[in-house]
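Undergrad: Supplied structure: my_file_15.cif, mmCIF, C-alpha atoms and all ligand atoms.
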```
data_structure
loop_
_atom_site.label_atom_id
_atom_site.label_comp_id
_atom_site.auth_asym_id
_atom_site.auth_seq_id
_atom_site.Cartn_x
_atom_site.Cartn_y
_atom_site.Cartn_z
CA MET A 540 61.78 19.40 -15.43
CA ASP A 541 65.06 18.76 -17.26
CA THR A 542 67.25 21.34 -15.55
CA ALA A 543 70.37 20.20 -17.41
CA ALA A 544 68.62 21.10 -20.67
CA LEU A 545 67.82 24.56 -19.28
CA LYS A 546 71.43 25.21 -18.44
CA GLN A 547 72.58 23.84 -21.76
CA THR A 548 70.20 25.96 -23.80
CA TRP A 549 71.09 29.03 -21.79
CA SER A 550 74.81 28.56 -22.29
CA LEU A 551 74.19 28.23 -26.00
CA ALA A 552 72.16 31.44 -26.04
CA GLN A 553 74.85 33.18 -24.03
CA SER A 554 77.52 32.21 -26.52
CA LEU A 555 75.69 34.30 -29.12
CA GLY A 556 76.55 37.54 -27.35
CA ASP A 557 74.78 40.88 -27.79
CA GLU A 558 72.34 39.59 -30.37
CA VAL A 559 70.33 37.96 -27.63
CA PRO A 560 69.51 41.02 -25.49
CA LEU A 561 69.02 43.03 -28.67
CA PHE A 562 66.33 40.61 -29.85
CA PHE A 563 64.78 40.40 -26.39
CA TYR A 564 64.41 44.16 -25.92
CA SER A 565 63.14 44.66 -29.47
CA HIS A 566 60.54 41.98 -28.90
CA LEU A 567 59.55 43.33 -25.49
CA PHE A 568 59.23 46.93 -26.62
CA LEU A 569 57.36 46.05 -29.82
CA THR A 570 54.86 43.85 -28.05
CA HIS A 571 54.63 46.07 -24.95
CA PRO A 572 55.64 49.63 -25.82
CA GLU A 573 54.28 50.78 -22.47
CA LEU A 574 57.24 49.07 -20.77
CA ARG A 575 59.87 51.09 -22.65
CA SER A 576 59.78 53.97 -20.19
CA MET A 577 60.74 51.69 -17.31
CA PHE A 578 64.16 51.16 -18.84
CA PRO A 579 67.03 53.62 -19.25
CA VAL A 580 66.88 55.92 -22.25
CA SER A 581 70.02 54.42 -23.71
CA MET A 582 69.79 50.67 -23.98
CA ALA A 583 73.17 49.81 -25.47
CA THR A 584 73.13 46.04 -25.27
CA GLN A 585 76.57 45.81 -23.73
CA ARG A 586 75.08 47.32 -20.63
CA ASP A 587 72.23 44.84 -20.46
CA ARG A 588 71.37 44.14 -16.88
CA LEU A 589 68.17 42.18 -17.23
CA VAL A 590 68.46 39.54 -19.93
CA GLY A 591 71.71 37.95 -18.81
CA ALA A 592 70.50 37.77 -15.23
CA LEU A 593 67.11 36.51 -16.28
CA GLY A 594 68.50 33.60 -18.27
CA ARG A 595 70.97 32.69 -15.57
CA ILE A 596 68.46 32.78 -12.76
CA VAL A 597 65.71 30.94 -14.59
CA SER A 598 68.06 28.24 -15.88
CA SER A 599 69.33 27.74 -12.31
CA VAL A 600 65.88 26.99 -10.95
CA ASP A 601 67.23 23.72 -9.52
CA GLU A 602 69.20 25.80 -7.01
CA LEU A 603 66.11 27.68 -5.89
CA ASP A 604 66.30 26.44 -2.30
CA GLU A 605 69.69 28.04 -1.84
CA VAL A 606 68.72 31.33 -3.41
CA THR A 607 65.11 31.85 -2.40
CA ASP A 608 66.03 34.75 -0.13
CA PHE A 609 67.89 36.38 -2.97
CA ILE A 610 64.98 35.92 -5.42
CA GLN A 611 62.62 37.38 -2.84
CA GLN A 612 64.88 40.38 -2.33
CA LEU A 613 65.06 40.78 -6.10
CA GLY A 614 61.27 40.80 -6.30
CA ARG A 615 60.97 43.45 -3.58
CA ASP A 616 63.80 45.42 -5.17
CA HIS A 617 61.95 45.34 -8.54
CA ARG A 618 59.17 47.43 -7.04
CA ARG A 619 61.38 50.48 -7.63
CA PHE A 620 60.81 49.97 -11.38
CA GLU A 621 57.03 50.07 -10.74
CA VAL A 622 56.85 46.48 -11.96
CA ILE A 623 53.45 44.84 -11.46
CA ALA A 624 52.50 41.18 -11.75
CA ALA A 625 51.16 41.53 -15.31
CA HIS A 626 54.56 42.71 -16.55
CA TYR A 627 55.99 39.32 -15.69
CA ASN A 628 53.87 37.79 -18.45
CA ALA A 629 55.32 40.22 -20.96
CA VAL A 630 58.92 39.58 -19.93
CA GLY A 631 58.37 35.81 -19.84
CA ALA A 632 56.85 35.81 -23.33
CA SER A 633 59.78 37.83 -24.72
CA LEU A 634 62.29 35.55 -23.02
CA LEU A 635 60.71 32.47 -24.58
CA ALA A 636 60.38 34.14 -27.99
CA THR A 637 64.06 35.07 -27.83
CA LEU A 638 65.17 31.56 -26.98
CA LYS A 639 62.96 30.09 -29.67
CA HIS A 640 64.43 32.47 -32.23
CA PHE A 641 68.02 31.56 -31.44
CA LEU A 642 67.72 27.88 -30.63
CA GLY A 643 66.07 26.81 -33.88
CA GLU A 644 65.58 23.07 -33.83
CA GLY A 645 66.91 22.90 -30.30
CA TRP A 646 63.70 24.59 -29.17
CA THR A 647 61.70 21.39 -28.75
CA PRO A 648 58.27 21.29 -27.09
CA GLU A 649 59.95 19.74 -24.03
CA VAL A 650 62.57 22.48 -23.75
CA ALA A 651 59.91 25.13 -24.29
CA ALA A 652 57.76 23.66 -21.53
CA ASP A 653 60.69 23.48 -19.13
CA TRP A 654 61.62 27.12 -19.70
CA ALA A 655 58.02 28.17 -19.21
CA ASP A 656 57.77 26.20 -15.96
CA ALA A 657 61.09 27.49 -14.64
CA TYR A 658 60.23 31.09 -15.48
CA GLY A 659 56.86 30.66 -13.77
CA VAL A 660 58.51 29.39 -10.59
CA ILE A 661 61.00 32.27 -10.36
CA ALA A 662 58.46 34.91 -11.36
CA SER A 663 55.98 33.75 -8.76
CA VAL A 664 58.58 33.89 -5.96
CA MET A 665 59.44 37.46 -7.03
CA VAL A 666 55.82 38.57 -7.38
CA GLN A 667 54.76 37.08 -4.06
CA ALA A 668 57.63 38.69 -2.19
CA ALA A 669 56.87 42.04 -3.84
CA GLU A 670 53.19 41.78 -2.98
CA ALA A 671 53.91 40.77 0.59
CA SER A 672 56.00 43.91 1.07
CA GLU A 673 53.33 46.25 -0.32
CA ASP A 674 51.61 46.85 2.99
CA SER A 675 54.78 47.59 4.88
CA SER A 676 56.97 49.47 2.41
CA PRO A 677 56.75 51.89 -0.48
CA SER A 678 57.89 50.84 -3.96
CA SER A 679 60.88 53.16 -3.48
CA TRP A 680 61.99 55.59 -0.83
CA PRO A 681 62.44 59.26 -1.66
CA ALA A 682 65.40 60.57 0.31
CA GLU A 683 66.51 64.17 0.71
CA VAL A 684 70.21 64.83 0.41
CA THR A 685 71.20 66.56 3.66
CA ALA A 686 74.99 66.76 3.24
CA VAL A 687 77.60 66.16 0.56
CA GLU A 688 81.24 66.20 1.52
CA ARG A 689 83.97 65.72 -1.03
CA ARG A 690 86.87 63.76 0.42
CA GLY A 691 90.08 63.84 -1.49
CA LEU A 692 89.92 63.89 -5.24
CA ASP A 693 87.38 61.29 -6.12
CA VAL A 694 85.22 60.32 -3.15
CA SER A 695 82.07 61.94 -1.81
CA VAL A 696 80.39 61.15 1.48
CA ILE A 697 76.68 61.73 1.04
CA GLN A 698 74.05 61.87 3.77
CA VAL A 699 70.41 61.30 2.87
CA ARG A 700 67.22 61.09 4.86
CA PRO A 701 64.70 58.61 3.44
CA ASP A 702 61.05 59.25 4.20
CA PRO A 703 59.68 56.93 5.43
CA HIS A 704 62.61 55.28 7.21
CA LEU A 705 64.25 52.51 5.23
CA PRO A 706 65.08 49.48 7.35
CA PHE A 707 68.33 47.73 6.45
CA GLN A 708 71.04 45.63 8.05
CA PRO A 709 74.71 46.58 8.14
CA GLY A 710 76.35 44.93 5.13
CA GLN A 711 73.35 45.34 2.80
CA SER A 712 73.03 47.63 -0.22
CA VAL A 713 70.27 49.68 -1.75
CA ALA A 714 69.82 50.82 -5.33
CA VAL A 715 70.11 54.61 -5.66
CA GLU A 716 68.80 56.82 -8.47
CA ILE A 717 69.76 60.49 -8.72
CA PRO A 718 67.61 63.12 -10.45
CA ALA A 719 70.27 63.92 -13.07
CA ARG A 720 70.48 60.28 -14.23
CA PRO A 721 66.95 58.89 -14.30
CA ARG A 722 66.61 55.10 -14.31
CA LEU A 723 70.37 54.55 -14.09
CA TRP A 724 70.30 52.95 -10.67
CA ARG A 725 73.49 52.12 -8.80
CA TYR A 726 73.81 49.95 -5.74
CA LEU A 727 75.45 51.62 -2.75
CA SER A 728 75.91 50.33 0.79
CA PRO A 729 74.91 52.35 3.81
CA ALA A 730 78.12 53.12 5.70
CA ASN A 731 76.32 53.45 9.01
CA ALA A 732 74.36 51.28 11.39
CA PRO A 733 70.64 52.13 11.36
CA ARG A 734 70.11 55.49 13.11
CA SER A 735 67.12 56.72 15.06
CA ASP A 736 66.56 59.60 12.61
CA GLY A 737 66.66 57.14 9.70
CA SER A 738 69.48 58.97 7.92
CA ILE A 739 71.89 57.01 5.75
CA GLU A 740 75.45 57.73 4.69
CA PHE A 741 76.82 56.62 1.34
CA HIS A 742 80.40 56.65 0.09
CA VAL A 743 80.75 57.16 -3.64
CA GLN A 744 83.95 56.86 -5.61
CA MET A 745 84.20 58.47 -9.00
CA VAL A 746 85.00 56.02 -11.77
CA PRO A 747 86.73 57.44 -14.85
CA GLY A 748 84.10 57.57 -17.58
CA GLY A 749 81.37 56.50 -15.17
CA GLN A 750 78.45 58.75 -15.93
CA VAL A 751 76.54 58.06 -12.72
CA SER A 752 79.34 57.97 -10.18
CA SER A 753 80.99 61.13 -11.48
CA THR A 754 77.69 63.02 -11.37
CA MET A 755 77.10 61.77 -7.85
CA VAL A 756 80.52 62.91 -6.70
CA ARG A 757 80.66 66.20 -8.57
CA SER A 758 77.14 67.52 -8.91
CA LEU A 759 74.76 66.07 -6.35
CA HIS A 760 73.77 68.77 -3.91
CA VAL A 761 71.99 69.30 -0.65
CA GLY A 762 68.23 69.60 -1.02
CA GLU A 763 67.95 67.26 -4.00
CA THR A 764 65.83 64.16 -3.65
CA VAL A 765 67.25 60.80 -4.64
CA ARG A 766 65.31 57.53 -4.74
CA LEU A 767 66.30 54.36 -2.92
CA GLY A 768 65.23 50.76 -3.56
CA ALA A 769 64.58 47.97 -1.05
CA PRO A 770 67.66 46.67 0.79
CA VAL A 771 69.38 43.66 -0.75
CA GLY A 772 72.37 41.46 -0.05
CA GLN A 773 73.23 38.72 2.39
CA GLU A 774 76.90 38.02 1.85
CA LEU A 775 78.15 40.81 4.06
CA THR A 776 75.46 40.74 6.71
CA LEU A 777 75.97 38.94 10.01
CA ASP A 778 73.38 36.69 11.66
CA GLU A 779 72.68 37.01 15.34
CA ASP A 780 74.89 34.00 16.12
CA GLU A 781 77.77 35.32 13.99
CA ARG A 782 77.93 38.67 15.73
CA HIS A 783 80.17 37.46 18.51
CA ARG A 784 82.80 36.19 16.06
CA ASP A 785 86.13 37.93 15.70
CA LEU A 786 86.45 39.60 12.33
CA THR A 787 89.15 40.38 9.81
CA MET A 788 87.84 43.07 7.47
CA VAL A 789 89.54 43.87 4.19
CA ALA A 790 88.33 46.88 2.21
CA GLY A 791 89.45 48.53 -1.01
CA GLY A 792 88.40 52.16 -1.57
CA THR A 793 84.73 52.80 -0.85
CA GLY A 794 84.29 49.06 -0.31
CA LEU A 795 84.82 50.28 3.23
CA ALA A 796 81.19 51.42 3.47
CA PRO A 797 79.40 48.18 4.44
CA LEU A 798 82.26 47.27 6.79
CA ARG A 799 82.08 50.64 8.48
CA ALA A 800 78.36 50.00 9.04
CA HIS A 801 79.37 46.91 11.03
CA LEU A 802 82.01 48.86 12.94
CA GLU A 803 79.40 51.40 13.97
CA ARG A 804 77.03 48.70 15.16
CA ILE A 805 79.79 46.91 17.08
CA ASP A 806 80.88 50.16 18.71
CA GLN A 807 77.33 50.96 19.79
CA GLU A 808 77.10 47.53 21.36
CA TRP A 809 80.47 47.94 23.05
CA GLN A 810 79.43 51.29 24.48
CA SER A 811 76.24 49.87 25.91
CA THR A 812 77.39 46.42 27.05
CA GLY A 813 81.18 46.55 27.17
CA GLN A 814 81.21 43.50 24.89
CA ALA A 815 82.63 43.38 21.38
CA PRO A 816 84.34 40.87 19.13
CA ARG A 817 87.92 41.66 18.14
CA VAL A 818 88.07 43.32 14.75
CA GLN A 819 91.02 44.09 12.51
CA LEU A 820 90.40 46.26 9.49
CA PHE A 821 92.76 46.58 6.54
CA HIS A 822 91.83 49.50 4.30
CA GLY A 823 93.62 49.71 0.98
CA ALA A 824 93.98 52.67 -1.37
CA ARG A 825 96.32 53.51 -4.22
CA LEU A 826 97.44 56.78 -2.67
CA PRO A 827 97.49 58.00 0.92
CA TRP A 828 94.95 60.78 0.36
CA SER A 829 92.45 58.20 -0.85
CA LEU A 830 92.29 56.74 2.66
CA TYR A 831 89.25 58.93 3.06
CA GLU A 832 88.18 57.66 6.49
CA ASN A 833 91.64 57.70 8.02
CA ARG A 834 90.85 60.13 10.79
CA LEU A 835 87.69 58.38 11.95
CA LEU A 836 89.34 54.97 11.84
CA GLN A 837 92.47 56.17 13.65
CA ASN A 838 90.19 57.49 16.39
CA LEU A 839 88.28 54.25 16.54
CA ALA A 840 91.57 52.39 16.90
CA GLY A 841 91.59 53.73 20.47
CA ARG A 842 88.96 51.08 21.27
CA PRO A 843 90.37 47.92 22.81
CA TRP A 844 88.51 45.71 20.34
CA PHE A 845 89.64 47.44 17.12
CA THR A 846 92.86 47.48 15.08
CA TYR A 847 93.20 49.53 11.93
CA THR A 848 95.83 49.02 9.22
CA PRO A 849 95.84 51.42 6.28
CA VAL A 850 97.63 50.05 3.21
CA VAL A 851 98.84 52.07 0.22
CA SER A 852 99.76 50.41 -3.05
CA ASP A 853 101.08 53.10 -5.39
CA ASP A 854 103.19 55.48 -3.31
CA PRO A 855 106.69 54.18 -2.52
CA SER A 856 107.25 57.10 -0.14
CA TYR A 857 104.30 56.13 2.08
CA PRO A 858 105.66 55.53 5.58
CA GLY A 859 103.09 52.89 6.56
CA ARG A 860 102.17 49.50 5.09
CA LYS A 861 102.73 49.32 1.35
CA GLY A 862 101.43 46.84 -1.19
CA LEU A 863 98.15 45.23 -2.08
CA VAL A 864 95.71 45.18 0.78
CA GLY A 865 94.91 41.50 0.18
CA ASP A 866 98.58 40.56 0.52
CA VAL A 867 99.01 42.57 3.70
CA ALA A 868 95.85 41.11 5.22
CA ALA A 869 96.82 37.54 4.31
CA ASP A 870 100.43 37.95 5.47
CA THR A 871 99.89 39.85 8.67
CA GLY A 872 96.24 39.55 9.63
CA PRO A 873 95.00 37.39 12.43
CA LEU A 874 93.00 34.78 10.52
CA HIS A 875 92.67 31.73 12.72
CA GLY A 876 89.04 31.17 13.64
CA ARG A 877 88.06 34.54 12.23
CA LEU A 878 85.35 35.49 9.85
CA ALA A 879 86.72 37.56 6.96
CA LEU A 880 84.59 40.24 5.29
CA VAL A 881 86.00 41.50 1.99
CA CYS A 882 84.69 44.38 -0.11
CA GLY A 883 86.27 46.38 -2.92
CA SER A 884 86.72 46.36 -6.67
CA PRO A 885 86.32 43.04 -8.51
CA GLN A 886 90.08 42.63 -8.88
CA MET A 887 90.73 43.50 -5.26
CA VAL A 888 88.10 41.03 -4.05
CA ARG A 889 89.32 38.24 -6.30
CA HIS A 890 92.89 38.72 -5.20
CA THR A 891 92.10 39.07 -1.51
CA VAL A 892 89.79 36.08 -1.40
CA SER A 893 92.33 33.83 -3.10
CA ARG A 894 95.10 35.02 -0.77
CA LEU A 895 93.00 34.43 2.33
CA ARG A 896 91.98 30.99 1.12
CA ALA A 897 95.58 30.15 0.36
CA ARG A 898 96.32 30.91 3.98
CA GLY A 899 93.92 28.13 4.92
CA ILE A 900 90.90 30.13 6.01
CA ALA A 901 87.77 28.03 5.40
CA HIS A 902 85.76 28.90 2.30
CA ALA A 903 82.64 29.55 4.34
CA ASP A 904 84.57 31.97 6.55
CA VAL A 905 85.46 34.33 3.71
CA ARG A 906 82.49 36.51 2.86
CA PHE A 907 82.45 38.86 -0.09
CA GLU A 908 80.08 40.36 -2.53
CA GLN A 909 80.61 39.68 -6.13
CA PHE A 910 80.39 42.16 -8.88
CA ALA A 911 78.95 42.39 -12.27
CA THR A 912 81.19 43.87 -14.87
CA LEU A 913 78.18 44.90 -16.82
CA ASP A 914 78.85 48.58 -17.24
CA GLU A 915 81.44 51.19 -16.51
CA ASP A 916 80.06 52.20 -13.18
CA SER A 917 80.00 48.73 -11.76
CA HIS A 918 83.73 49.08 -11.28
CA ALA A 919 83.06 51.81 -8.78
CA ALA A 920 85.37 50.86 -6.07
CA HIS A 921 82.97 48.82 -4.14
CA HIS A 922 79.96 48.62 -6.09
CA HIS A 923 78.88 45.37 -6.27
CA THR A 924 75.94 45.42 -8.46
CA HIS A 925 73.84 42.57 -7.39
CA ASP A 926 74.59 40.25 -10.13
CA PRO A 927 73.39 36.80 -9.32
CA GLN A 928 75.76 35.32 -11.82
CA SER A 929 78.27 35.50 -9.13
CA SER A 930 78.17 34.82 -5.45
CA ARG A 931 74.43 34.79 -5.12
CA LEU A 932 74.17 31.66 -7.14
CA PRO A 933 76.55 28.99 -6.12
CA HIS A 934 78.51 29.03 -9.35
CA GLY A 935 80.24 32.25 -8.54
CA GLU A 936 83.92 32.62 -8.23
C1 LIG A 1001 61.89 36.20 -13.40
C2 LIG A 1001 61.81 37.48 -13.65
C3 LIG A 1001 62.89 38.52 -13.52
C4 LIG A 1001 64.20 38.39 -13.09
C5 LIG A 1001 64.90 37.13 -12.62
C6 LIG A 1001 64.79 39.71 -13.17
C7 LIG A 1001 66.10 40.00 -12.80
C8 LIG A 1001 66.69 41.23 -12.91
C9 LIG A 1001 68.02 41.57 -12.48
C10 LIG A 1001 68.97 40.63 -11.74
C11 LIG A 1001 68.25 42.85 -12.80
C12 LIG A 1001 69.52 43.66 -12.54
C13 LIG A 1001 69.31 44.54 -11.34
C14 LIG A 1001 70.31 45.66 -11.29
O1 LIG A 1001 71.51 45.39 -11.39
O2 LIG A 1001 69.89 46.81 -11.13
C15 LIG A 1001 67.06 43.36 -13.42
C16 LIG A 1001 66.91 44.64 -13.88
C17 LIG A 1001 65.73 45.14 -14.38
N1 LIG A 1001 64.53 44.49 -14.47
FE1 LIG A 1001 64.17 42.59 -13.99
N2 LIG A 1001 63.86 40.59 -13.64
C18 LIG A 1001 62.70 39.91 -13.86
C19 LIG A 1001 61.51 40.45 -14.33
C20 LIG A 1001 61.33 41.75 -14.67
C21 LIG A 1001 60.07 42.30 -15.12
C22 LIG A 1001 58.77 41.52 -15.26
C23 LIG A 1001 60.28 43.60 -15.38
C24 LIG A 1001 59.26 44.58 -15.89
C25 LIG A 1001 59.22 44.99 -17.11
C26 LIG A 1001 61.68 43.89 -15.08
C27 LIG A 1001 62.27 45.12 -15.24
C28 LIG A 1001 63.61 45.37 -14.97
C29 LIG A 1001 64.23 46.66 -15.22
C30 LIG A 1001 63.56 47.92 -15.73
C31 LIG A 1001 65.58 46.51 -14.85
C32 LIG A 1001 66.69 47.57 -14.95
C33 LIG A 1001 67.31 47.43 -16.29
C34 LIG A 1001 68.46 48.38 -16.56
O3 LIG A 1001 68.88 49.13 -15.67
O4 LIG A 1001 68.94 48.34 -17.70
N3 LIG A 1001 62.28 42.74 -14.64
N4 LIG A 1001 66.13 42.37 -13.47
#
```
Output the file's structure in the form of structure tokens.
Ligand code: HEM
TA:
Amino acid sequence: MDTAALKQTWSLAQSLGDEVPLFFYSHLFLTHPELRSMFPVSMATQRDRLVGALGRIVSSVDELDEVTDFIQQLGRDHRRFEVIAAHYNAVGASLLATLKHFLGEGWTPEVAADWADAYGVIASVMVQAAEASEDSSPSSWPAEVTAVERRGLDVSVIQVRPDPHLPFQPGQSVAVEIPARPRLWRYLSPANAPRSDGSIEFHVQMVPGGQVSSTMVRSLHVGETVRLGAPVGQELTLDEDERHRDLTMVAGGTGLAPLRAHLERIDQEWQSTGQAPRVQLFHGARLPWSLYENRLLQNLAGRPWFTYTPVVSDDPSYPGRKGLVGDVAADTGPLHGRLALVCGSPQMVRHTVSRLRARGIAHADVRFEQFATLDEDSHAAHHHTHDPQSSRLPHGE
């Protein structure tokens, strides 16, 4: 397989902009109208989530070894759309038809065969992972909302109880769909370590103009049932052998959630064994009242293993640390030998990661989730849609 040709043809297709997803979806829905209802009602091409990712992933088939876990998670996660194996034929045919349409003479029999092979490889990894999870997990988890607490102006802390329990690791995310916004899924990270009653806490920040996040913050209420997808994400999880490492955590806004899940797990361990790594958390917000977990974190700072530094960027009268959280963490944080976990808006993550690296912290020791800037809501302070364009495939930032 000529993987250079795959990448080349994909970058050509990408340079054509919105025309490409427009053609793809028209082709898919004309040839398979039964698939239309799986997608959001409004399919403005600038919010395309599938086609861009599809082309990128398939044309990066040569990196499969490094991203197999991700592709498997993606396959399991796709069960929430009620995708079955046969649908992969439909999507593959529309992908090839789209490329053929735009590549003209560049669509040689060799290139066509390579795309077909590469798509087949990726699709079969996804399908097999989805099928293997069928016996042990539902296609999505209904979860009753048991509490909604508005914190400050634009953040809600939401408790849900999935039935059955949804297993996840601290640092992972799950896609969430609310009844008022069908099929507009958003990835959120549990802010807690797994609990015996299976309940999960989410932190949601309202994004101006974001139709899902603002509905979640303003209108979601107790008793409603949301749906959750399979857990995804590996960048912010910690392996067994990493759990003893000292950590520097840097969070912007609700990017705190996955880090707080780690804090909860570490505290449980400390309470039962007396052992814990040292952890310093920097939590950044524009304004002091957006430090929505201040009280809990101040309390936790009574633990010998934990240091908490709130940082405010836009209020000159704030008596504590002022500035960008990435600057404060890089300038004052203990970094030597530490593992850094970074989560926040795309700009915050980019800035923090570059500042930490400039301080000499090894690339592999700075962990962060990347973000798609595919639609308005993906700017939601932490939310990291799982766009493989970025950190999941090695050509991320
Ligand atoms: C190799 C095959 C495929 C790959 C690599 C792939 C990849 C992706 C990715 C990365 C996303 C974005 C996830 C998100 O941010 O929520 C996505 C979304 C989606 N995919 Fe797939 N997918 C594949 C096949 C399929 C198939 C066969 C179907 C079934 C028709 C499907 C239906 C969807 C739907 C409905 C969405 C959500 C679209 C939206 O919200 O606008 N995918 N896919």
Undergrad: For Phe707 in chain A, work out the shell of residues within 9 Å, counting all atoms listed in the file and skipping chain neighbours fewer than 6 positions away, then give it as a ChimeraX atom specification.
TA: /A:713,729,732-733,769-771
Undergrad: Would you mind telling me which residue in A:Leu878, A:Ala625, A:Ala669, A:Leu634 lies nearest to Pro816 in chain A when using all atoms listed in the file?
TA: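 For Pro816 in chain A, the nearest of the candidates is A:Leu878.
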Undergrad: Could you pull out the residues sitting within 8 Å of ligand LIG 1001 (chain A), using all atoms listed in the file, and write them as a ChimeraX atom specification?
TA: /A:574,577-579,582,586-590,592-594,596-597,610,613-614,617,620-631,658-659,661-663,665,714,722-726,924-927
Undergrad: Just the residues within 9 Å of Leu775 in chain A, please, counting only C-alpha atoms, with nothing from its chain fewer than 4 positions along; format it as a list of chain:residue names.
TA: A:Pro709, A:Gly710, A:Gln711, A:Pro797, A:Leu798, A:Leu880, A:Val881, A:Cys882, A:Arg906, A:Phe907, A:Glu908
Undergrad: List the spatial neighbours of Ala897 in chain A as a list in words - criterion: any atom at most 9 Å away, all atoms listed in the file, same-chain residues fewer than 4 positions off excluded.
TA: Ala869, Val892 and Ser893 of chain A
Undergrad: Please, can range 869-881 of chain A be completed to N, CA and C atoms and returned as an mmCIF file, in the coordinates of the input?
TA:
```cif
data_model
loop_
_atom_site.group_PDB
_atom_site.id
_atom_site.type_symbol
_atom_site.label_atom_id
_atom_site.label_comp_id
_atom_site.auth_asym_id
_atom_site.auth_seq_id
_atom_site.Cartn_x
_atom_site.Cartn_y
_atom_site.Cartn_z
ATOM 1 N N ALA A 869 96.529 38.984 4.242
ATOM 2 C CA ALA A 869 96.820 37.540 4.310
ATOM 3 C C ALA A 869 98.142 37.284 5.041
ATOM 4 N N ASP A 870 99.114 38.185 4.868
ATOM 5 C CA ASP A 870 100.430 37.950 5.470
ATOM 6 C C ASP A 870 100.494 38.330 6.939
ATOM 7 N N THR A 871 99.728 39.348 7.306
ATOM 8 C CA THR A 871 99.890 39.850 8.670
ATOM 9 C C THR A 871 98.636 39.754 9.522
ATOM 10 N N GLY A 872 97.491 39.492 8.872
ATOM 11 C CA GLY A 872 96.240 39.550 9.630
ATOM 12 C C GLY A 872 96.062 38.342 10.519
ATOM 13 N N PRO A 873 95.380 38.544 11.653
ATOM 14 C CA PRO A 873 95.000 37.390 12.430
ATOM 15 C C PRO A 873 93.856 36.699 11.690
ATOM 16 N N LEU A 874 94.020 35.445 11.335
ATOM 17 C CA LEU A 874 93.000 34.780 10.520
ATOM 18 C C LEU A 874 92.378 33.589 11.231
ATOM 19 N N HIS A 875 93.138 32.986 12.140
ATOM 20 C CA HIS A 875 92.670 31.730 12.720
ATOM 21 C C HIS A 875 91.330 31.914 13.430
ATOM 22 N N GLY A 876 90.350 31.139 12.999
ATOM 23 C CA GLY A 876 89.040 31.170 13.640
ATOM 24 C C GLY A 876 88.231 32.422 13.342
ATOM 25 N N ARG A 877 88.770 33.283 12.503
ATOM 26 C CA ARG A 877 88.060 34.540 12.230
ATOM 27 C C ARG A 877 87.136 34.426 11.033
ATOM 28 N N LEU A 878 86.185 35.324 11.017
ATOM 29 C CA LEU A 878 85.350 35.490 9.850
ATOM 30 C C LEU A 878 85.937 36.662 9.075
ATOM 31 N N ALA A 879 86.152 36.470 7.770
ATOM 32 C CA ALA A 879 86.720 37.560 6.960
ATOM 33 C C ALA A 879 85.608 38.185 6.123
ATOM 34 N N LEU A 880 85.535 39.509 6.138
ATOM 35 C CA LEU A 880 84.590 40.240 5.290
ATOM 36 C C LEU A 880 85.415 41.064 4.310
ATOM 37 N N VAL A 881 85.167 40.862 3.019
ATOM 38 C CA VAL A 881 86.000 41.500 1.990
ATOM 39 C C VAL A 881 85.107 42.330 1.074
#
```
